[in-house]
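Novice: Below: one structure in structure tokens.
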Amino acid sequence: MKDNMYTSLDPKALSQQEVHNYLISAVAPRPICFASTIDTNGRVNLSPFSFFNVFSSNPPIMIFSPARSGRDNTTKHTYDNVMEVKEVTINIVNYPLVEQMSLASTAYDKGVNEFVKAGLTQIKSNIVKPPRVKEAPISFECKVNEVVPLGDSNGAGNLVICEVVMIHIQNQYLDEQNRLDTEKLDLVARMGGAWYARCNSESLFKISKPLQSKGIGVDSLPSHAQHSKVLTGNDLGRLGNAARLPTEEELVSCKIKCIDPIYSELEKVDVQEQTARLHSLAQQQLNAGKMISALSILINTTVLIDGAT
């Protein structure tokens with residue numbers, strides 16, 4: 001079903017491959033679980049999975065899903081291995097490792113060691129049997145608590161619920177406080193098709209969160225700001241994340257410094273244009289990191305609008 005704005009799709013009316021493509025392109029970027037497993041004969045397998053995330057810190061739980069093949073409904077060697085030996089080493093993938101990780105995703109025959117094929121180095125784990133990837137910035141040794149099958153047809157997932165029992169971090173990725181340095185990590189994530197995302201300093205950004213107090217909320221902003229044609233959704237979110245509204249003194253100070261110098265120009269245009277110009281001014285202050293000034297301009301704008309009508 002399609003209209004001027006949306007295409008609405010019933011997944012039951014689509015093929016498994018179509019649903020899969022929509023899901024992996026829309027639900028992205030996804031972290032990558034580079035899973036090392038072993039069977040009862042001691043044969044090692046190394047495969048990446050982007051149906052993966054962390055779900056608890058106490059206990060430390062990660063879940064990944066080696067889905068059944070969309071082509072022939074066979075199970076992955078990783079799934080077969082964890083059903084035999086309920087242990088796995090989850091290795092995190094960063095940019096220096098991404099091409100070798102991709103090579104390891106090849107559907108090699110059972111018993112072929114992807115460490116060897118991808119030119120990676122096996123290193124003995126401390127607690128579990130599957131080895132870890134020496135080149136990985138971080139590795140998690142895990143016990144498999146449970147495997148939950150989600151179906152028995154093509155594309156059906158199998159949730160491998162893992163409990164972390166040992167963490168290994170390369171020292172070069174730790175900062176002076178012994179915390180992981182996000183910029184140094186240079187992590188990669190899976191997108192749809194053949195696309196990946198690189199989380200380096202050029203693509204990273206921070207969003208301040210009021211951890212000790214609640215944000216004022218977008219509903220606390222003047223109505224004209226909430227329905228602005230200038231302020232974006234991100235602008236409104238940042239403004240609503242402010243810990244407080246301006247004081248009377250701050251409002252007066254802002255009017256004198258920011259609005260009075262352009263007031264003669266504002267008088268020459270109608271209310272709609274006045275509002276747009278003041279919203280642009282507030283946006284500039286917000287982008288400069290001057291939250292209280294931006295809020296003050298918007299509140300003062302209300303007074304100007306009311307006075308002009």
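Starting from 1 in every chain, residues are counted up; chains themselves are A, B, ... following the order of the structure tokens, and ligands are numbered from 1 as listed.
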Find the spatial neighbours of Pro131 (chain A), counting only C-alpha atoms, within a cut-off of 12 Å - ignore same-chain residues fewer than 2 positions away - and output them as a PyMOL selection string.

Specialist: chain A and resi 34-38+42-46+87-91+113-115+120-129+133-134+136+139-142

Novice: Could you turn the residues from that selection into a file that holds N, CA and C atoms, as a short mmCIF file (atom, residue, chain, number, x, y, z; two decimals), in the first residue's frame?

Specialist:
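Dumped to selection01.cif:
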data_model
loop_
_atom_site.label_atom_id
_atom_site.label_comp_id
_atom_site.auth_asym_id
_atom_site.auth_seq_id
_atom_site.Cartn_x
_atom_site.Cartn_y
_atom_site.Cartn_z
N PHE A 34 32.08 -11.01 16.40
CA PHE A 34 33.02 -11.87 15.69
C PHE A 34 33.23 -13.09 16.58
N ALA A 35 32.42 -14.13 16.35
CA ALA A 35 32.31 -15.23 17.30
C ALA A 35 33.24 -16.39 16.97
N SER A 36 34.03 -16.76 17.97
CA SER A 36 34.90 -17.93 17.88
C SER A 36 34.25 -19.07 18.67
N THR A 37 34.05 -20.22 18.01
CA THR A 37 33.45 -21.38 18.67
C THR A 37 34.28 -22.62 18.36
N ILE A 38 33.91 -23.73 18.99
CA ILE A 38 34.67 -24.97 18.82
C ILE A 38 33.71 -26.15 18.96
N GLY A 42 37.26 -30.45 18.64
CA GLY A 42 38.31 -29.45 18.77
C GLY A 42 38.50 -28.58 17.54
N ARG A 43 37.57 -28.67 16.57
CA ARG A 43 37.68 -27.86 15.35
C ARG A 43 37.11 -26.46 15.61
N VAL A 44 37.90 -25.44 15.26
CA VAL A 44 37.55 -24.04 15.55
C VAL A 44 36.82 -23.42 14.37
N ASN A 45 35.83 -22.58 14.70
CA ASN A 45 35.13 -21.79 13.69
C ASN A 45 35.12 -20.33 14.12
N LEU A 46 35.27 -19.43 13.14
CA LEU A 46 35.25 -17.99 13.42
C LEU A 46 34.33 -17.32 12.41
N GLU A 87 30.21 -22.68 24.78
CA GLU A 87 31.14 -21.60 25.07
C GLU A 87 31.40 -20.83 23.78
N VAL A 88 31.74 -19.55 23.91
CA VAL A 88 32.04 -18.73 22.74
C VAL A 88 32.94 -17.58 23.18
N THR A 89 33.81 -17.17 22.28
CA THR A 89 34.57 -15.94 22.50
C THR A 89 34.07 -14.90 21.50
N ILE A 90 33.57 -13.78 22.02
CA ILE A 90 33.06 -12.69 21.18
C ILE A 90 34.15 -11.63 21.04
N ASN A 91 34.59 -11.42 19.83
CA ASN A 91 35.65 -10.46 19.54
C ASN A 91 35.05 -9.23 18.87
N ASN A 113 39.19 -23.80 9.25
CA ASN A 113 39.47 -22.81 10.29
C ASN A 113 39.57 -21.42 9.65
N GLU A 114 38.57 -20.56 9.95
CA GLU A 114 38.54 -19.21 9.37
C GLU A 114 39.66 -18.32 9.91
N PHE A 115 40.23 -18.65 11.07
CA PHE A 115 41.41 -17.93 11.53
C PHE A 115 42.51 -18.01 10.47
N LEU A 120 44.26 -14.45 10.55
CA LEU A 120 44.18 -13.93 11.93
C LEU A 120 44.88 -14.89 12.89
N THR A 121 45.19 -14.37 14.07
CA THR A 121 45.99 -15.12 15.04
C THR A 121 45.13 -15.65 16.18
N GLN A 122 45.15 -16.97 16.35
CA GLN A 122 44.47 -17.57 17.50
C GLN A 122 45.30 -17.34 18.75
N ILE A 123 44.62 -16.98 19.84
CA ILE A 123 45.29 -16.86 21.11
C ILE A 123 44.43 -17.57 22.15
N LYS A 124 45.04 -18.34 23.01
CA LYS A 124 44.32 -19.18 23.97
C LYS A 124 43.52 -18.33 24.94
N SER A 125 42.29 -18.72 25.15
CA SER A 125 41.45 -18.05 26.14
C SER A 125 41.80 -18.53 27.55
N ASN A 126 41.45 -17.72 28.54
CA ASN A 126 41.79 -18.07 29.92
C ASN A 126 40.86 -19.12 30.52
N ILE A 127 39.56 -19.02 30.16
CA ILE A 127 38.56 -19.86 30.82
C ILE A 127 37.86 -20.80 29.84
N VAL A 128 37.43 -20.27 28.69
CA VAL A 128 36.66 -21.08 27.75
C VAL A 128 37.57 -21.73 26.72
N LYS A 129 37.02 -22.73 26.02
CA LYS A 129 37.81 -23.47 25.02
C LYS A 129 38.03 -22.70 23.72
N VAL A 133 40.60 -13.75 19.14
CA VAL A 133 41.33 -13.14 18.04
C VAL A 133 42.35 -12.16 18.61
N LYS A 134 43.63 -12.45 18.42
CA LYS A 134 44.68 -11.60 18.97
C LYS A 134 44.58 -10.17 18.47
N ALA A 136 41.95 -8.44 17.71
CA ALA A 136 40.75 -7.72 18.12
C ALA A 136 41.06 -6.75 19.26
N SER A 139 38.06 -8.62 23.52
CA SER A 139 37.49 -9.97 23.40
C SER A 139 36.78 -10.32 24.71
N PHE A 140 35.65 -11.01 24.56
CA PHE A 140 34.87 -11.44 25.72
C PHE A 140 34.76 -12.96 25.71
N GLU A 141 35.33 -13.59 26.72
CA GLU A 141 35.11 -15.02 26.88
C GLU A 141 33.74 -15.22 27.51
N CYS A 142 32.94 -16.13 26.94
CA CYS A 142 31.56 -16.29 27.39
C CYS A 142 31.17 -17.75 27.57
#

Novice: Can you list, as number ranges by chain, every residue of region 43-219 of chain A that DSSP puts in alpha helix (DSSP H)?

Specialist: A: 77-84, 98-104, 114-118, 182-185

Novice: Applying 10 Å and only C-alpha atoms, which residues near Leu251 (chain A) remain after dropping the ones on its own chain fewer than 4 positions away? List them as number ranges by chain.

Specialist: A: 245-247, 255-256, 292-293, 295-300

Novice: What is the CA of Gln100 (chain A) to CA of Val19 (chain A) distance in Å?

Specialist: 28.0 Å

Novice: Give me the residues near region 24-32 of chain A as a list of chain:residue names, where near means some atom within 6 Å (using only C-alpha atoms) and where sequence neighbours in that chain fewer than 3 positions away do not count.

Specialist: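 Near neighbours after the sequence-gap exclusion: A:Asn21, A:Phe49, A:Ser50, A:Ala189, A:Arg190, A:Met191, A:Gly192.
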
Novice: Tell me, as a ChimeraX atom specification, which residues lie within 8 Å of region 205-221 of chain A, counting only C-alpha atoms; anything in the same chain fewer than 5 positions away does not count.

Specialist: /A:226,236-237,239-245,298-299

Novice: Set the distance at 8 Å and use only C-alpha atoms: which residues neighbour Met62 (chain A) once local chain neighbours fewer than 3 positions away are removed? I'd like the list as an MDAnalysis selection string.

Specialist: chainID A and resid 52:56 161:164

Novice: Enumerate, as a ChimeraX atom specification, the complete set of residues in region 4-221 of chain A that a backbone-based DSSP assignment places in strand (DSSP E).

Specialist: /A:33-38,44-49,52-57,60-64,87-92,122-123,132-133,138-149,158-169,187-190,196-199

Novice: Go ahead and compute the interatomic distance for CA of Gln17 (chain A) and CA of Glu84 (chain A), in Å to one decimal.

Specialist: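 So the two atoms, CA of Gln17 (chain A) and CA of Glu84 (chain A), lie 29.2 Å apart.
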
Novice: Counting only C-alpha atoms, what is within 10 Å of Ile262 (chain A), bar same-chain residues fewer than 5 positions away, as a PyMOL selection string?

Specialist: chain A and resi 257+267+277-278

Novice: Using only C-alpha atoms, can you tell me which of A:Cys33, A:Ala118, A:Leu180, A:Leu159 comes closest to Ala104 (chain A)?

Specialist: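 Closest to Ala104 (chain A) of all the choices is A:Ala118.
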
Novice: Could you tell me which of A:Gln170, A:Thr75, A:Asn145, A:Asn154 comes closest to Ile92 (chain A) if we count only C-alpha atoms?

Specialist: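 Among the listed residues, the smallest separation from Ile92 (chain A) belongs to A:Gln170.
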
Novice: Using only C-alpha atoms, find the one residue out of A:Ala107, A:Met83, A:Met166, A:Ala294 that sits nearest to Glu250 (chain A).

Specialist: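 Between A:Ala107, A:Met83, A:Met166, A:Ala294, the residue approaching Glu250 (chain A) most closely is A:Ala294.
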
Novice: Taking only C-alpha atoms into account, name the residue in A:Ala156, A:Ala288, A:Met5, A:Ala225 that is nearest to Ala276 (chain A).

Specialist: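 Comparing A:Ala156, A:Ala288, A:Met5, A:Ala225 against Ala276 (chain A), the winner is A:Ala225.
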
Novice: When distances are computed from only C-alpha atoms, which of A:Val165, A:Leu150, A:Leu187, A:Val230 shows the smallest separation from Pro59 (chain A)?

Specialist: A:Val165

Novice: Work out how far CA of Thr78 (chain A) is from CA of Asp186 (chain A), in Å to one decimal.

Specialist: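 Separating CA of Asp186 (chain A) from CA of Thr78 (chain A) is a distance of 26.3 Å.
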